file data-v7.cif (mmCIF, C-alpha atoms and all ligand atoms)
data_final
loop_
_atom_site.label_atom_id
_atom_site.label_comp_id
_atom_site.auth_asym_id
_atom_site.auth_seq_id
_atom_site.Cartn_x
_atom_site.Cartn_y
_atom_site.Cartn_z
CA MET A 1 -10.84 -6.79 33.71
CA ASN A 2 -13.79 -4.79 35.11
CA GLY A 3 -16.14 -6.25 32.53
CA HIS A 4 -14.02 -4.77 29.77
CA ILE A 5 -12.66 -6.91 26.97
CA ALA A 6 -9.08 -6.67 25.74
CA VAL A 7 -7.97 -7.86 22.33
CA ALA A 8 -4.18 -7.89 21.96
CA ILE A 9 -2.73 -7.82 18.46
CA ASP A 10 1.03 -8.14 18.11
CA GLY A 11 3.23 -8.51 15.08
CA PRO A 12 5.98 -6.94 13.00
CA SER A 13 5.68 -3.58 11.29
CA GLY A 14 3.68 -3.41 8.11
CA ALA A 15 1.61 -6.56 8.75
CA GLY A 16 -1.55 -4.45 8.60
CA LYS A 17 -2.12 -4.38 12.35
CA SER A 18 -3.25 -0.79 12.62
CA SER A 19 -5.64 -0.63 9.65
CA LEU A 20 -7.16 -4.02 10.49
CA ALA A 21 -7.37 -3.38 14.22
CA ARG A 22 -8.97 0.03 13.65
CA LYS A 23 -11.71 -1.48 11.48
CA ALA A 24 -12.28 -4.41 13.80
CA ALA A 25 -12.58 -2.00 16.74
CA GLN A 26 -15.24 -0.02 14.85
CA ARG A 27 -17.22 -3.20 14.24
CA LEU A 28 -17.04 -4.21 17.89
CA GLY A 29 -17.51 -0.74 19.36
CA TYR A 30 -14.17 -0.96 21.17
CA ILE A 31 -11.43 1.67 21.38
CA TYR A 32 -8.47 1.10 19.08
CA VAL A 33 -5.10 1.74 20.73
CA ASP A 34 -1.98 2.00 18.58
CA THR A 35 0.86 1.59 21.08
CA GLY A 36 3.56 2.11 18.44
CA ALA A 37 2.42 5.75 18.37
CA ILE A 38 3.51 6.17 22.00
CA TYR A 39 7.03 4.91 21.30
CA ARG A 40 7.11 7.07 18.19
CA THR A 41 6.30 10.12 20.33
CA VAL A 42 9.30 9.42 22.58
CA GLY A 43 11.45 8.86 19.47
CA LEU A 44 10.27 12.16 18.00
CA ALA A 45 10.92 14.05 21.23
CA ALA A 46 14.48 12.70 21.37
CA ASP A 47 15.12 13.43 17.70
CA ARG A 48 13.84 16.98 18.00
CA VAL A 49 16.31 17.88 20.72
CA GLY A 50 19.11 16.19 18.81
CA LEU A 51 19.68 13.24 21.13
CA ASP A 52 21.31 10.05 19.93
CA THR A 53 18.42 7.56 20.15
CA HIS A 54 20.88 4.80 21.11
CA ASP A 55 22.05 6.72 24.18
CA GLN A 56 19.98 5.28 27.02
CA ALA A 57 21.28 7.65 29.71
CA ALA A 58 20.38 10.67 27.58
CA ILE A 59 16.94 9.31 26.70
CA GLU A 60 16.24 8.41 30.32
CA SER A 61 17.04 11.93 31.48
CA LEU A 62 14.69 13.33 28.83
CA LEU A 63 11.67 11.28 30.00
CA PRO A 64 10.61 13.40 33.03
CA SER A 65 10.21 16.44 30.78
CA LEU A 66 7.79 14.64 28.46
CA ASP A 67 4.06 14.97 28.88
CA ILE A 68 2.76 12.35 26.46
CA ARG A 69 -0.97 11.89 26.11
CA MET A 70 -3.17 9.76 23.99
CA GLY A 71 -6.66 10.88 23.06
CA TYR A 72 -9.25 10.66 20.32
CA ASN A 73 -10.58 13.33 17.93
CA ASP A 74 -14.20 13.72 16.79
CA ALA A 75 -13.58 11.26 13.95
CA GLY A 76 -12.52 8.66 16.51
CA GLU A 77 -8.87 8.77 15.40
CA GLN A 78 -6.11 8.41 17.96
CA VAL A 79 -4.31 11.68 18.62
CA MET A 80 -0.89 11.86 20.29
CA THR A 81 0.18 15.01 22.08
CA LEU A 82 3.68 15.86 23.24
CA ASN A 83 3.79 18.63 25.83
CA GLY A 84 0.46 19.90 24.52
CA GLU A 85 1.34 19.79 20.80
CA ASP A 86 -0.52 17.46 18.44
CA VAL A 87 2.28 15.32 16.94
CA SER A 88 0.06 12.68 15.29
CA ALA A 89 1.40 13.51 11.80
CA ALA A 90 5.02 14.20 12.78
CA ILE A 91 5.46 10.76 14.37
CA ARG A 92 4.66 9.10 11.03
CA GLU A 93 7.72 10.43 9.24
CA PRO A 94 9.87 7.49 8.08
CA LYS A 95 12.94 8.57 10.05
CA ILE A 96 10.94 8.45 13.29
CA SER A 97 10.27 4.70 12.82
CA MET A 98 13.88 3.80 13.57
CA CYS A 99 14.09 6.33 16.42
CA ALA A 100 11.00 4.65 17.94
CA SER A 101 12.49 1.20 17.55
CA ASN A 102 15.75 2.39 19.16
CA VAL A 103 14.15 3.98 22.22
CA SER A 104 11.65 1.13 22.60
CA ALA A 105 14.50 -1.27 23.40
CA MET A 106 15.29 0.72 26.58
CA PRO A 107 13.78 -0.55 29.87
CA PRO A 108 13.20 2.97 31.34
CA VAL A 109 11.21 3.95 28.24
CA ARG A 110 9.05 0.82 28.44
CA ALA A 111 8.48 1.33 32.16
CA PHE A 112 7.55 4.99 31.55
CA LEU A 113 4.85 4.02 29.03
CA LEU A 114 3.49 0.80 30.54
CA GLU A 115 0.95 2.26 32.94
CA MET A 116 -0.59 4.50 30.27
CA GLN A 117 -1.34 1.42 28.19
CA ARG A 118 -2.69 -0.65 31.09
CA ARG A 119 -4.88 2.20 32.33
CA THR A 120 -6.48 2.57 28.90
CA ALA A 121 -7.33 -1.14 28.90
CA ARG A 122 -8.70 -0.95 32.46
CA ASP A 123 -11.05 1.88 31.55
CA ASN A 124 -12.27 0.66 28.14
CA SER A 125 -12.82 -2.38 25.98
CA VAL A 126 -9.86 -2.18 23.63
CA ILE A 127 -8.16 -3.60 20.63
CA MET A 128 -4.56 -2.75 21.33
CA ASP A 129 -1.78 -3.35 18.86
CA GLY A 130 1.97 -3.42 19.33
CA ARG A 131 4.81 -5.87 19.88
CA ASP A 132 4.39 -7.01 23.49
CA ILE A 133 0.70 -6.49 24.24
CA GLY A 134 -0.17 -10.18 24.63
CA THR A 135 3.10 -11.05 26.35
CA VAL A 136 3.79 -8.11 28.71
CA VAL A 137 1.27 -5.26 28.68
CA LEU A 138 -1.96 -7.30 28.85
CA PRO A 139 -0.99 -10.92 29.54
CA GLU A 140 -4.58 -11.57 30.70
CA ALA A 141 -6.15 -10.28 27.46
CA GLU A 142 -9.26 -12.25 26.51
CA VAL A 143 -8.11 -12.52 22.89
CA LYS A 144 -4.55 -12.59 21.55
CA ILE A 145 -3.63 -12.54 17.90
CA PHE A 146 -0.21 -12.58 16.27
CA LEU A 147 -0.60 -10.86 12.93
CA THR A 148 2.18 -11.27 10.44
CA ALA A 149 3.10 -11.35 6.74
CA SER A 150 6.26 -11.93 4.73
CA PRO A 151 8.78 -9.04 4.73
CA GLU A 152 8.19 -8.55 0.99
CA ALA A 153 4.41 -8.28 1.37
CA ARG A 154 4.86 -5.88 4.27
CA ALA A 155 7.35 -3.73 2.33
CA GLN A 156 4.95 -3.54 -0.59
CA ARG A 157 2.12 -2.33 1.66
CA ARG A 158 4.31 0.15 3.48
CA MET A 159 5.43 1.61 0.15
CA LEU A 160 1.85 2.20 -0.94
CA GLU A 161 1.00 3.74 2.41
CA LEU A 162 3.98 6.12 2.25
CA GLU A 163 3.09 7.05 -1.34
CA GLN A 164 -0.47 7.83 -0.35
CA LYS A 165 0.80 10.04 2.45
CA GLY A 166 3.01 11.93 -0.02
CA MET A 167 6.23 10.51 1.47
CA PRO A 168 7.36 8.05 -1.26
CA GLN A 169 10.44 5.90 -0.62
CA PRO A 170 12.27 3.45 -2.94
CA SER A 171 11.24 -0.19 -2.45
CA ASP A 172 14.71 -1.46 -1.50
CA GLU A 173 14.95 1.19 1.23
CA VAL A 174 11.52 0.28 2.59
CA LEU A 175 12.40 -3.44 2.67
CA ARG A 176 15.77 -2.74 4.29
CA ASP A 177 14.15 -0.61 7.00
CA ILE A 178 11.55 -3.30 7.69
CA LEU A 179 14.17 -6.04 8.03
CA LYS A 180 16.35 -3.89 10.26
CA ARG A 181 13.45 -2.94 12.51
CA ASP A 182 12.22 -6.57 12.67
CA ASP A 183 15.69 -7.67 13.70
CA GLN A 184 15.92 -5.01 16.39
CA ASP A 185 12.40 -5.57 17.75
CA ILE A 186 12.80 -9.38 17.82
CA HIS A 187 16.26 -9.52 19.36
CA ARG A 188 16.06 -6.88 22.07
CA ALA A 189 16.46 -8.07 25.64
CA ILE A 190 13.27 -6.52 27.01
CA ALA A 191 9.73 -7.28 25.76
CA PRO A 192 10.90 -8.61 22.39
CA LEU A 193 8.46 -9.14 19.56
CA ARG A 194 7.25 -12.72 19.82
CA GLN A 195 4.04 -14.68 19.57
CA ALA A 196 2.40 -15.32 22.95
CA GLU A 197 1.81 -19.02 23.57
CA ASP A 198 -1.95 -18.51 23.65
CA ALA A 199 -2.10 -16.21 20.61
CA VAL A 200 -3.75 -17.21 17.35
CA LEU A 201 -1.51 -16.76 14.30
CA LEU A 202 -2.92 -14.84 11.34
CA ASP A 203 -0.65 -14.58 8.28
CA THR A 204 -1.92 -12.04 5.75
CA SER A 205 0.85 -12.45 3.10
CA ASP A 206 -1.51 -13.91 0.52
CA ILE A 207 -4.86 -12.44 1.45
CA GLY A 208 -6.30 -8.99 0.86
CA PHE A 209 -7.58 -6.48 3.36
CA ASP A 210 -11.25 -7.53 3.41
CA GLU A 211 -10.46 -11.20 3.89
CA SER A 212 -7.89 -10.38 6.57
CA LEU A 213 -10.49 -8.30 8.38
CA ASP A 214 -13.10 -11.06 8.17
CA ARG A 215 -10.63 -13.61 9.52
CA LEU A 216 -9.52 -11.30 12.31
CA CYS A 217 -13.12 -10.64 13.36
CA ALA A 218 -13.90 -14.37 13.15
CA ILE A 219 -10.98 -15.20 15.46
CA ILE A 220 -12.13 -12.57 17.95
CA ALA A 221 -15.75 -13.76 17.84
CA HIS A 222 -14.70 -17.39 18.24
CA ARG A 223 -12.45 -16.65 21.21
CA LEU A 224 -15.10 -14.56 22.94
CA GLU A 225 -17.68 -17.29 22.35
CA GLN A 226 -15.36 -19.87 23.89
CA ARG A 227 -15.18 -17.74 27.02
CA GLY A 228 -18.97 -17.83 27.16
O1 LIG B 301 3.95 -0.17 15.33
P1 LIG B 301 4.99 0.88 14.90
O2 LIG B 301 5.74 0.47 13.70
O3 LIG B 301 4.40 2.26 14.78
O4 LIG B 301 6.01 0.92 16.15
C1 LIG B 301 7.17 1.71 16.15
C2 LIG B 301 8.25 1.04 16.99
O5 LIG B 301 7.84 1.03 18.36
C3 LIG B 301 8.54 -0.42 16.64
O6 LIG B 301 9.66 -0.55 15.79
C4 LIG B 301 8.80 -1.09 17.97
C5 LIG B 301 8.21 -0.18 18.99
N1 LIG B 301 7.05 -0.76 19.68
C6 LIG B 301 7.30 -1.54 20.78
O7 LIG B 301 8.45 -1.78 21.10
N2 LIG B 301 6.27 -2.05 21.49
C7 LIG B 301 5.01 -1.83 21.13
N3 LIG B 301 4.01 -2.32 21.88
C8 LIG B 301 4.73 -1.04 19.98
C9 LIG B 301 5.78 -0.53 19.26
#

call {"tool": "encode", "arguments": {"input": "data-v7.cif", "output": "structure tokens"}}
result
Amino acid sequence: MNGHIAVAIDGPSGAGKSSLARKAAQRLGYIYVDTGAIYRTVGLAADRVGLDTHDQAAIESLLPSLDIRMGYNDAGEQVMTLNGEDVSAAIREPKISMCASNVSAMPPVRAFLLEMQRRTARDNSVIMDGRDIGTVVLPEAEVKIFLTASPEARAQRRMLELEQKGMPQPSDEVLRDILKRDDQDIHRAIAPLRQAEDAVLLDTSDIGFDESLDRLCAIIAHRLEQRG
């Protein structure tokens, strides 16, 4: 891959992928790419114009009008723009999670976004997180990790995150949303969430952030060493 390294991190929502991957990328000097944000941007665009996010024909006809770009601000944070507007905060609203999951099950949406992800990995050393990075987007990635945790542990973390962002949600609702999204992401026909055969499993249910980060970095270092 042009001398660039790709670390693919896949797993269900709320497993800590983004916060861990971001920190690990800082340590390694790689770019962190949150691919969920791209699907969220399509979900937001559809929701804003009142489309049913289950209606594939409607979503497909919306795609050509969308100029979706991914960039980085001075603080090194990923910024998503939709037709020139910074939508980085808007895509984090809880209702957009389900819209993103719905549109992400559609082949035209995945095809529309695939090249953007591959190009980023061609031009940079990346830690990229998502659902199908190790299986579909970057099957040749030097390091693949499947990061997971129990639904309860993930719901607990998501609740805290939403609280901190000033968007609190009751715990049963958060758990229900997580289970529903897991089910949808795992059982869709195209690029379903699954562990790549050559991915290392990291389960963070019973370990805190710092230990998870250390283990993640150790897996990456070990894999890169093995490559020589
Ligand atoms: O990682 P996230 O929760 O922000 O992702 C939002 C949705 O986008 C998720 O439910 C499934 C979809 N997604 C995907 O299908 N493939 C990816 N590589 C990343 C996210």

call {"tool": "closest_residue", "arguments": {"input": "data-v7.cif", "among": "A:Asp183, A:Glu173, A:Glu77, A:Glu163", "to": "ligand LIG 301 (chain B)", "atoms": "only C-alpha atoms and all ligand atoms"}}
result
A:Asp183

call {"tool": "axis_aligned_box", "arguments": {"input": "data-v7.cif", "around": "ligand LIG 301 (chain B)", "padding_each_side": "5 Å", "output": "lines of an AutoDock Vina configuration file"}}
result
center_x = 6.8
center_y = 0.0
center_z = 17.8
size_x = 15.7
size_y = 14.6
size_z = 18.2

call {"tool": "residues_around", "arguments": {"input": "data-v7.cif", "residues": "Met167 (chain A)", "least_positions_apart": "5", "cutoff": "10 Å", "atoms": "only C-alpha atoms", "output": "PyMOL selection string"}}
result
chain A and resi 92-94+159-162

call {"tool": "closest_residue", "arguments": {"input": "data-v7.cif", "among": "A:Arg48, A:His4, A:Arg110, A:Arg69", "to": "ligand LIG 301 (chain B)", "atoms": "all atoms listed in the file"}}
result
A:Arg110

call {"tool": "residues_around", "arguments": {"input": "data-v7.cif", "residues": "Ile186 (chain A)", "least_positions_apart": "5", "cutoff": "12 Å", "atoms": "only C-alpha atoms", "output": "list in words"}}
result
Asp10, Gly11, Pro12, Ser13, Ser101, Ser104, Ala105, Arg131, Asp132, Ile178, Leu179, Lys180, Arg181, Ala191, Pro192, Leu193, Arg194 and Gln195 of chain A

call {"tool": "closest_residue", "arguments": {"input": "data-v7.cif", "among": "A:Ser150, A:Thr53, A:Gln156, A:Thr204", "to": "Met98 (chain A)", "atoms": "only C-alpha atoms"}}
result
A:Thr53

call {"tool": "residues_around", "arguments": {"input": "data-v7.cif", "residues": "Gln226 (chain A)", "least_positions_apart": "6", "cutoff": "12 Å", "atoms": "all atoms listed in the file", "output": "PyMOL selection string"}}
result
chain A and resi 142-143+219-220
